[in-house]
$ cat start17.pdb   # PDB, C-alpha atoms
ATOM      1  CA  MET B 869      31.809   8.108 -10.036
ATOM      2  CA  PHE B 870      33.884  11.214  -9.177
ATOM      3  CA  GLN B 871      37.540  10.933  -8.147
ATOM      4  CA  ASP B 872      38.442  14.635  -7.756
ATOM      5  CA  ASP B 873      39.484  15.594  -4.204
ATOM      6  CA  ASN B 874      37.482  18.837  -4.457
ATOM      7  CA  PHE B 875      34.217  16.886  -4.560
ATOM      8  CA  ARG B 876      32.642  16.658  -1.097
ATOM      9  CA  TRP B 877      29.351  15.233   0.191
ATOM     10  CA  TYR B 878      26.828  17.747   1.547
ATOM     11  CA  ALA B 879      23.465  17.349   3.253
ATOM     12  CA  ILE B 880      20.765  19.063   1.207
ATOM     13  CA  ARG B 881      17.498  20.290   2.742
ATOM     14  CA  VAL B 882      14.631  19.592   0.333
ATOM     15  CA  ARG B 883      11.029  20.726   0.247
ATOM     16  CA  SER B 884       8.511  18.500   1.991
ATOM     17  CA  ARG B 885       8.191  15.101   0.281
ATOM     18  CA  CYS B 886      10.483  16.151  -2.580
ATOM     19  CA  GLU B 887      13.419  13.816  -1.923
ATOM     20  CA  LYS B 888      13.015  11.859  -5.183
ATOM     21  CA  LEU B 889      12.299  14.987  -7.268
ATOM     22  CA  ALA B 890      15.341  16.802  -5.856
ATOM     23  CA  ALA B 891      17.638  13.803  -6.364
ATOM     24  CA  ALA B 892      16.435  13.364  -9.972
ATOM     25  CA  GLY B 893      17.010  17.077 -10.679
ATOM     26  CA  LEU B 894      20.565  16.914  -9.380
ATOM     27  CA  MET B 895      21.319  13.689 -11.244
ATOM     28  CA  ALA B 896      20.086  15.373 -14.452
ATOM     29  CA  ARG B 897      22.795  18.007 -13.801
ATOM     30  CA  ASN B 898      25.370  15.210 -13.463
ATOM     31  CA  ILE B 899      25.646  15.627  -9.676
ATOM     32  CA  GLU B 900      26.081  12.438  -7.660
ATOM     33  CA  THR B 901      23.261  12.030  -5.116
ATOM     34  CA  LEU B 902      22.151   9.727  -2.360
ATOM     35  CA  ALA B 903      18.464   9.845  -1.459
ATOM     36  CA  ALA B 904      18.551   7.121   1.185
ATOM     37  CA  VAL B 905      15.246   5.216   1.043
ATOM     38  CA  ALA B 906      14.324   1.882   2.560
ATOM     39  CA  PRO B 907      11.181  -0.123   3.323
ATOM     40  CA  GLN B 908       9.602   1.152   6.565
ATOM     41  CA  ARG B 909       6.759  -0.087   8.757
ATOM     42  CA  ARG B 910       3.894   2.410   8.785
ATOM     43  CA  ILE B 911       0.971   2.131  11.192
ATOM     44  CA  TRP B 912      -2.540   3.165  10.245
ATOM     45  CA  VAL B 913      -5.635   2.780  12.386
ATOM     46  CA  ASP B 914      -6.601  -0.542  10.802
ATOM     47  CA  ARG B 915      -3.308  -1.998   9.497
ATOM     48  CA  VAL B 916       0.459  -2.004   9.411
ATOM     49  CA  ARG B 917       2.146  -1.765   5.986
ATOM     50  CA  THR B 918       5.694  -1.678   4.700
ATOM     51  CA  VAL B 919       6.328   1.194   2.280
ATOM     52  CA  GLU B 920       9.452   2.733   0.745
ATOM     53  CA  MET B 921      10.273   5.851   2.789
ATOM     54  CA  PRO B 922      13.254   8.201   3.068
ATOM     55  CA  LEU B 923      15.573   7.356   5.963
ATOM     56  CA  PHE B 924      16.240  11.068   6.438
ATOM     57  CA  PRO B 925      12.949  12.844   5.621
ATOM     58  CA  GLY B 926      13.528  16.306   4.206
ATOM     59  CA  TYR B 927      17.168  15.610   3.328
ATOM     60  CA  ILE B 928      19.250  14.060   0.582
ATOM     61  CA  PHE B 929      23.007  13.994   0.107
ATOM     62  CA  ALA B 930      24.889  15.290  -2.918
ATOM     63  CA  ARG B 931      28.544  15.220  -3.911
ATOM     64  CA  PHE B 932      29.806  18.333  -5.681
ATOM     65  CA  THR B 933      32.456  21.048  -5.656
ATOM     66  CA  ALA B 934      31.924  24.262  -3.699
ATOM     67  CA  SER B 935      31.707  26.178  -6.988
ATOM     68  CA  ARG B 936      28.452  24.320  -7.844
ATOM     69  CA  ARG B 937      26.630  25.152  -4.572
ATOM     70  CA  VAL B 938      24.471  27.893  -6.132
ATOM     71  CA  GLU B 939      23.537  25.577  -9.018
ATOM     72  CA  VAL B 940      22.543  22.898  -6.504
ATOM     73  CA  GLU B 941      20.422  25.307  -4.457
ATOM     74  CA  ARG B 942      18.581  26.470  -7.585
ATOM     75  CA  SER B 943      17.680  22.924  -8.590
ATOM     76  CA  SER B 944      14.053  21.780  -8.418
ATOM     77  CA  GLY B 945      12.834  20.683  -4.981
ATOM     78  CA  ILE B 946      15.909  21.993  -3.121
ATOM     79  CA  SER B 947      15.581  24.370  -0.178
ATOM     80  CA  SER B 948      19.258  24.806   0.724
ATOM     81  CA  VAL B 949      22.565  23.173   1.472
ATOM     82  CA  VAL B 950      22.775  22.506   5.218
ATOM     83  CA  ARG B 951      24.987  25.069   6.923
ATOM     84  CA  PHE B 952      26.010  26.075  10.393
ATOM     85  CA  SER B 953      26.212  29.831  10.885
ATOM     86  CA  ASP B 954      26.908  30.910   7.299
ATOM     87  CA  GLN B 955      29.239  28.052   6.394
ATOM     88  CA  VAL B 956      28.249  24.967   4.424
ATOM     89  CA  CYS B 957      29.551  21.879   6.184
ATOM     90  CA  PRO B 958      30.521  18.775   4.245
ATOM     91  CA  VAL B 959      29.449  15.337   5.441
ATOM     92  CA  ASP B 960      32.272  12.921   6.189
ATOM     93  CA  ASP B 961      32.740  10.434   3.319
ATOM     94  CA  LYS B 962      32.867   7.598   5.862
ATOM     95  CA  GLU B 963      29.337   8.417   7.084
ATOM     96  CA  ILE B 964      28.007   8.287   3.510
ATOM     97  CA  ASP B 965      29.860   4.989   3.011
ATOM     98  CA  VAL B 966      28.164   3.534   6.108
ATOM     99  CA  VAL B 967      24.705   4.638   4.912
ATOM    100  CA  ARG B 968      25.380   3.045   1.515
ATOM    101  CA  LEU B 969      26.679  -0.115   3.181
ATOM    102  CA  LEU B 970      23.475  -0.378   5.251
ATOM    103  CA  LEU B 971      21.274   0.179   2.200
ATOM    104  CA  ASN B 972      23.153  -2.414   0.125
ATOM    105  CA  SER B 973      23.451  -4.989   2.922
ATOM    106  CA  GLY B 974      20.099  -6.624   2.294
ATOM    107  CA  LEU B 975      19.306  -6.188   5.984
ATOM    108  CA  GLU B 976      16.172  -4.458   7.184
ATOM    109  CA  VAL B 977      17.087  -0.803   7.805
ATOM    110  CA  GLN B 978      14.618   0.962  10.076
ATOM    111  CA  ARG B 979      14.136   4.681  10.426
ATOM    112  CA  SER B 980      13.567   5.468  14.038
ATOM    113  CA  PRO B 981      13.112   8.564  16.141
ATOM    114  CA  PHE B 982      16.351   9.525  17.811
ATOM    115  CA  LEU B 983      15.466   7.773  21.059
ATOM    116  CA  ARG B 984      17.922   6.853  23.757
ATOM    117  CA  VAL B 985      17.725   6.011  27.427
ATOM    118  CA  GLY B 986      16.638   9.099  29.363
ATOM    119  CA  LYS B 987      14.887  10.706  26.359
ATOM    120  CA  MET B 988      11.408  12.142  27.000
ATOM    121  CA  VAL B 989       8.739  10.958  24.554
ATOM    122  CA  SER B 990       5.044  11.363  23.891
ATOM    123  CA  VAL B 991       2.710   8.559  22.782
ATOM    124  CA  LYS B 992       1.036   9.795  19.580
ATOM    125  CA  ARG B 993      -1.388   6.895  18.810
ATOM    126  CA  GLY B 994      -3.215   4.065  20.458
ATOM    127  CA  PRO B 995      -4.913   3.746  23.834
ATOM    128  CA  LEU B 996      -2.054   5.631  25.564
ATOM    129  CA  ALA B 997      -2.175   8.590  23.133
ATOM    130  CA  GLY B 998      -1.168  11.808  24.850
ATOM    131  CA  ALA B 999       0.796  10.100  27.629
ATOM    132  CA  ARG B1000       4.355  11.316  28.171
ATOM    133  CA  GLY B1001       7.294   9.494  29.588
ATOM    134  CA  MET B1002      10.962   8.652  29.603
ATOM    135  CA  VAL B1003      12.812   5.932  27.688
ATOM    136  CA  ILE B1004      14.251   3.540  30.266
ATOM    137  CA  GLU B1005      15.634   0.711  28.080
ATOM    138  CA  ILE B1006      15.211  -0.850  24.626
ATOM    139  CA  LYS B1007      13.527  -4.240  24.881
ATOM    140  CA  ASN B1008      13.761  -5.248  21.203
ATOM    141  CA  ARG B1009      13.679  -3.576  17.871
ATOM    142  CA  TYR B1010       9.947  -2.802  17.749
ATOM    143  CA  ARG B1011       8.807  -2.704  21.352
ATOM    144  CA  LEU B1012       9.095  -0.262  24.218
ATOM    145  CA  VAL B1013       8.242  -1.226  27.767
ATOM    146  CA  VAL B1014       6.162   1.432  29.477
ATOM    147  CA  SER B1015       6.269   1.798  33.211
ATOM    148  CA  VAL B1016       3.584   3.903  34.871
ATOM    149  CA  THR B1017       4.668   5.327  38.195
ATOM    150  CA  LEU B1018       1.860   5.102  40.736
ATOM    151  CA  LEU B1019       2.635   5.600  44.399
ATOM    152  CA  GLN B1020       6.297   4.860  43.567
ATOM    153  CA  ARG B1021       5.401   1.495  42.092
ATOM    154  CA  SER B1022       5.492   0.533  38.454
ATOM    155  CA  VAL B1023       3.196  -1.339  36.141
ATOM    156  CA  GLY B1024       4.716  -2.301  32.809
ATOM    157  CA  VAL B1025       3.136  -2.683  29.413
ATOM    158  CA  GLU B1026       4.720  -2.948  25.969
ATOM    159  CA  ILE B1027       4.194  -0.321  23.292
ATOM    160  CA  ASP B1028       5.448  -0.185  19.705
ATOM    161  CA  GLU B1029       8.185   2.413  19.220
ATOM    162  CA  ALA B1030       6.393   3.656  16.077
ATOM    163  CA  LEU B1031       3.679   5.008  18.382
ATOM    164  CA  VAL B1032       5.986   7.450  20.191
ATOM    165  CA  GLU B1033       7.842  10.597  19.224
ATOM    166  CA  PRO B1034      10.590  12.491  21.042
ATOM    167  CA  LEU B1035       9.648  15.524  23.127
ATOM    168  CA  TRP B1036      11.896  18.529  22.745
ATOM    169  CA  SER B1037      10.544  20.428  25.770
ATOM    170  CA  PRO B1038       9.805  17.742  28.348
ATOM    171  CA  THR B1039       7.272  18.343  31.082
ATOM    172  CA  GLU B1040       6.748  16.268  34.199
ATOM    173  CA  PRO B1041       6.681  12.607  33.072
ATOM    174  CA  VAL B1042       3.525  10.573  33.338
ATOM    175  CA  LEU B1043       5.106   7.386  31.965
ATOM    176  CA  SER B1044       8.570   5.902  31.952
ATOM    177  CA  LEU B1045       9.228   4.251  28.600
ATOM    178  CA  VAL B1046      11.764   1.478  28.289
ATOM    179  CA  GLN B1047      13.684   0.774  25.090
ATOM    180  CA  ALA B1048      16.175  -2.148  24.899
ATOM    181  CA  VAL B1049      17.882  -4.262  22.224
TER     182      VAL B1049
END
$ encode --input "start17.pdb" --output "structure tokens"
Amino acid sequence: MFQDDNFRWYAIRVRSRCEKLAAAGLMARNIETLAAVAPQRRIWVDRVRTVEMPLFPGYIFARFTASRRVEVERSSGISSVVRFSDQVCPVDDKEIDVVRLLLNSGLEVQRSPFLRVGKMVSVKRGPLAGARGMVIEIKNRYRLVVSVTLLQRSVGVEIDEALVEPLWSPTEPVLSLVQAV
């Protein structure tokens, strides 16, 4: 759409659940946007559904010149352009290209908590709700193996990764969670 070298991609923080509104507002101002959305599995008490959800909740991407930053920040649904210290930081074009490639691939793109081996997590739903543990390995794309340490022995069960969330201030682990491909 835009070929000018002064146009750069930026991450835009949007108000809660305003990704589509913010993207539409910027597009109305002739600003190229990417509000990355894809079908996601959502778990309720009685069912699992697939719904269209943002891959980066609370954020969209927009391509504009630095001179339009104030206009972008004043657009409907926008909180701010992401910055570090007081400097706005552009997103690498190659990263945007990869996100677009994933979205256009026809493959199932899953949003997932940023989990990796060694990451502390908390189980937020199900019979193990409230338990805390560590990711040990990824078993497959939807399952985590949970190992409960008892007298230095383990008992493993599988738990859906959608039931856990990362802990930012880990306490002593109760469970060891395993996540593997």
$ resolve_selection --input "start17.pdb" --expression "the PyMOL selection byres ((chain B and resi 925) around 12)" --output "list of chain:residue names"
B:Ala879, B:Ile880, B:Arg881, B:Val882, B:Arg883, B:Ser884, B:Arg885, B:Cys886, B:Glu887, B:Lys888, B:Ala903, B:Ala904, B:Val905, B:Ala906, B:Glu920, B:Met921, B:Pro922, B:Leu923, B:Phe924, B:Gly926, B:Tyr927, B:Ile928, B:Phe929, B:Arg979, B:Ser980, B:Pro981
$ closest_residue --input "start17.pdb" --among "B:Thr918, B:Ile911, B:Leu894, B:Phe932" --to "B:Asn874" --atoms "all atoms listed in the file"
B:Phe932
$ residues_around --input "start17.pdb" --residues "B:Glu976" --least-positions-apart "4" --cutoff "10 Å" --atoms "only C-alpha atoms" --output "PyMOL selection string"
chain B and resi 906-908+970-971
$ atom_distance --input "start17.pdb" --atom1 "atom CA of B:Pro958" --atom2 "atom CA of B:Arg876"
6.1 Å
$ residues_around --input "start17.pdb" --residues "B:Lys992" --least-positions-apart "6" --cutoff "8 Å" --atoms "all atoms listed in the file" --output "PyMOL selection string"
chain B and resi 998+1031-1033
$ write_last_selection --input "start17.pdb" --atoms "C-alpha atoms" --output "compact mmCIF listing (two decimals), in the frame of the given file"
# COMPACT_ATOMS: atom_id res chain seq x y z
CA GLY B 998 -1.17 11.81 24.85
CA LEU B 1031 3.68 5.01 18.38
CA VAL B 1032 5.99 7.45 20.19
CA GLU B 1033 7.84 10.60 19.22
$ atom_distance --input "start17.pdb" --atom1 "atom CA of B:Val1003" --atom2 "atom CA of B:Met988"
6.4 Å
$ residues_around --input "start17.pdb" --residues "B:Arg910" --least-positions-apart "4" --cutoff "8 Å" --atoms "only C-alpha atoms" --output "MDAnalysis selection string"
chainID B and resid 916:919 1030
$ closest_residue --input "start17.pdb" --among "B:Ala896, B:Val938, B:Ala930, B:Val991" --to "B:Asp961" --atoms "all atoms listed in the file"
B:Ala930
$ residues_near_point --input "start17.pdb" --point "(14.9, 20.1, -7.9)" --cutoff "6 Å" --atoms "all atoms listed in the file" --output "ChimeraX atom specification"
/B:889-890,893,943-946
$ atom_distance --input "start17.pdb" --atom1 "atom CA of B:Asn898" --atom2 "atom CA of B:Ser953"
28.4 Å
$ closest_residue --input "start17.pdb" --among "B:Tyr878, B:Ser935, B:Gly986, B:Glu963" --to "B:Arg951" --atoms "only C-alpha atoms"
B:Tyr878
$ closest_residue --input "start17.pdb" --among "B:Ile1027, B:Ile964, B:Leu1035, B:Met1002" --to "B:Val985" --atoms "only C-alpha atoms"
B:Met1002
